[in-house]
Amino acid sequence: MKKIDRLMQELGFKQNAPDSVKEAFIKHLVKATTGVNIMTPSEKKEIEANPERVVVIQSSQQLSFDFIEETRPRSGKSSKKAM
């Protein structure tokens with residue numbers, strides 16, 4: 001198996017690229033291959049620094065919409081002309 005830094009180099013990532021770009025790529029690879037959503041070190045640091053900004057969703061809810069079909073009056077144009 002190859003190490004992640006070797007894979008990144010082979011894919012053309014610059015060694016001095018921002019860590020956030022590297023983290024996002026690795027996060028995408030993990031999500032695409034395993035279906036697991038992980039938190040990057042940058043995300044963890046952001047949460048630790050600003051815990052008040054974290055929103056916890058208790059449970060998922062089904063959205064429902066009540067679409068009411070409106071009847072619109074037809075345009076007043078008529079194919080018959082008055083003579």
# chains A, B, ... in the order shown; residues from 1 in each chain; ligands from 1

$ residues_around --residues "Ser42 in chain A" --least-positions-apart "6" --cutoff "12 Å" --atoms "only C-alpha atoms" --output "number ranges by chain"
A: 18-24, 27, 48-49

$ select_by_dssp --residues "chain A" --states "alpha helix (DSSP H)" --output "PyMOL selection string"
chain A and resi 4-10+19-34+41-49

$ write_last_selection --atoms "N, CA and C atoms" --output "mmCIF file, in the first residue's frame"
data_model
loop_
_atom_site.group_PDB
_atom_site.id
_atom_site.type_symbol
_atom_site.label_atom_id
_atom_site.label_comp_id
_atom_site.auth_asym_id
_atom_site.auth_seq_id
_atom_site.Cartn_x
_atom_site.Cartn_y
_atom_site.Cartn_z
ATOM 1 N N ILE A 4 -0.382 8.087 1.962
ATOM 2 C CA ILE A 4 -1.219 9.142 1.398
ATOM 3 C C ILE A 4 -0.378 10.265 0.788
ATOM 4 N N ASP A 5 0.783 10.566 1.381
ATOM 5 C CA ASP A 5 1.605 11.638 0.804
ATOM 6 C C ASP A 5 2.142 11.251 -0.566
ATOM 7 N N ARG A 6 2.408 9.963 -0.761
ATOM 8 C CA ARG A 6 2.867 9.483 -2.078
ATOM 9 C C ARG A 6 1.729 9.578 -3.092
ATOM 10 N N LEU A 7 0.526 9.204 -2.692
ATOM 11 C CA LEU A 7 -0.639 9.321 -3.577
ATOM 12 C C LEU A 7 -0.889 10.766 -3.971
ATOM 13 N N MET A 8 -0.803 11.661 -2.996
ATOM 14 C CA MET A 8 -1.026 13.075 -3.270
ATOM 15 C C MET A 8 0.012 13.591 -4.267
ATOM 16 N N GLN A 9 1.260 13.164 -4.104
ATOM 17 C CA GLN A 9 2.319 13.591 -5.010
ATOM 18 C C GLN A 9 2.062 13.064 -6.417
ATOM 19 N N GLU A 10 1.654 11.807 -6.536
ATOM 20 C CA GLU A 10 1.373 11.212 -7.842
ATOM 21 C C GLU A 10 0.185 11.891 -8.524
ATOM 22 N N ASP A 19 -3.172 23.049 3.726
ATOM 23 C CA ASP A 19 -3.628 21.815 4.359
ATOM 24 C C ASP A 19 -5.122 21.592 4.156
ATOM 25 N N SER A 20 -5.880 22.677 4.087
ATOM 26 C CA SER A 20 -7.329 22.535 3.929
ATOM 27 C C SER A 20 -7.682 21.859 2.604
ATOM 28 N N VAL A 21 -6.909 22.121 1.557
ATOM 29 C CA VAL A 21 -7.151 21.484 0.265
ATOM 30 C C VAL A 21 -6.829 19.999 0.347
ATOM 31 N N LYS A 22 -5.726 19.690 0.987
ATOM 32 C CA LYS A 22 -5.335 18.282 1.149
ATOM 33 C C LYS A 22 -6.371 17.527 1.985
ATOM 34 N N GLU A 23 -6.810 18.161 3.078
ATOM 35 C CA GLU A 23 -7.814 17.533 3.943
ATOM 36 C C GLU A 23 -9.118 17.289 3.190
ATOM 37 N N ALA A 24 -9.538 18.271 2.412
ATOM 38 C CA ALA A 24 -10.788 18.132 1.666
ATOM 39 C C ALA A 24 -10.701 16.977 0.679
ATOM 40 N N PHE A 25 -9.566 16.828 0.026
ATOM 41 C CA PHE A 25 -9.387 15.732 -0.926
ATOM 42 C C PHE A 25 -9.435 14.378 -0.226
ATOM 43 N N ILE A 26 -8.722 14.261 0.878
ATOM 44 C CA ILE A 26 -8.713 13.000 1.623
ATOM 45 C C ILE A 26 -10.107 12.681 2.155
ATOM 46 N N LYS A 27 -10.794 13.713 2.651
ATOM 47 C CA LYS A 27 -12.165 13.531 3.146
ATOM 48 C C LYS A 27 -13.063 13.012 2.026
ATOM 49 N N HIS A 28 -12.907 13.581 0.830
ATOM 50 C CA HIS A 28 -13.698 13.135 -0.320
ATOM 51 C C HIS A 28 -13.382 11.678 -0.663
ATOM 52 N N LEU A 29 -12.106 11.302 -0.657
ATOM 53 C CA LEU A 29 -11.736 9.916 -0.960
ATOM 54 C C LEU A 29 -12.354 8.939 0.032
ATOM 55 N N VAL A 30 -12.293 9.283 1.314
ATOM 56 C CA VAL A 30 -12.865 8.398 2.344
ATOM 57 C C VAL A 30 -14.365 8.275 2.151
ATOM 58 N N LYS A 31 -15.048 9.400 1.917
ATOM 59 C CA LYS A 31 -16.505 9.393 1.739
ATOM 60 C C LYS A 31 -16.893 8.598 0.485
ATOM 61 N N ALA A 32 -16.140 8.790 -0.605
ATOM 62 C CA ALA A 32 -16.465 8.115 -1.862
ATOM 63 C C ALA A 32 -16.230 6.608 -1.790
ATOM 64 N N THR A 33 -15.214 6.180 -1.061
ATOM 65 C CA THR A 33 -14.890 4.756 -1.025
ATOM 66 C C THR A 33 -15.609 3.990 0.072
ATOM 67 N N THR A 34 -15.866 4.639 1.202
ATOM 68 C CA THR A 34 -16.467 3.916 2.323
ATOM 69 C C THR A 34 -17.875 4.375 2.674
ATOM 70 N N PRO A 41 -8.878 17.490 10.679
ATOM 71 C CA PRO A 41 -8.290 18.194 11.821
ATOM 72 C C PRO A 41 -8.672 19.675 11.863
ATOM 73 N N SER A 42 -8.777 20.304 10.704
ATOM 74 C CA SER A 42 -9.180 21.717 10.669
ATOM 75 C C SER A 42 -10.602 21.898 11.179
ATOM 76 N N GLU A 43 -11.495 20.988 10.800
ATOM 77 C CA GLU A 43 -12.883 21.061 11.278
ATOM 78 C C GLU A 43 -12.942 20.873 12.789
ATOM 79 N N LYS A 44 -12.157 19.937 13.304
ATOM 80 C CA LYS A 44 -12.130 19.708 14.750
ATOM 81 C C LYS A 44 -11.635 20.945 15.499
ATOM 82 N N LYS A 45 -10.583 21.577 14.966
ATOM 83 C CA LYS A 45 -10.060 22.791 15.598
ATOM 84 C C LYS A 45 -11.088 23.911 15.573
ATOM 85 N N GLU A 46 -11.805 24.040 14.464
ATOM 86 C CA GLU A 46 -12.835 25.079 14.343
ATOM 87 C C GLU A 46 -13.957 24.855 15.353
ATOM 88 N N ILE A 47 -14.352 23.626 15.540
ATOM 89 C CA ILE A 47 -15.412 23.303 16.496
ATOM 90 C C ILE A 47 -14.939 23.578 17.923
ATOM 91 N N GLU A 48 -13.694 23.195 18.221
ATOM 92 C CA GLU A 48 -13.158 23.449 19.562
ATOM 93 C C GLU A 48 -13.058 24.944 19.845
ATOM 94 N N ALA A 49 -12.716 25.716 18.835
ATOM 95 C CA ALA A 49 -12.564 27.158 19.016
ATOM 96 C C ALA A 49 -13.902 27.879 19.113
#

$ atom_distance --atom1 "CA of Gln15 in chain A" --atom2 "CA of Met39 in chain A"
21.8 Å

$ atom_distance --atom1 "CA of Thr40 in chain A" --atom2 "CA of Val54 in chain A"
15.4 Å

$ atom_distance --atom1 "CA of Gly35 in chain A" --atom2 "CA of Lys3 in chain A"
20.7 Å
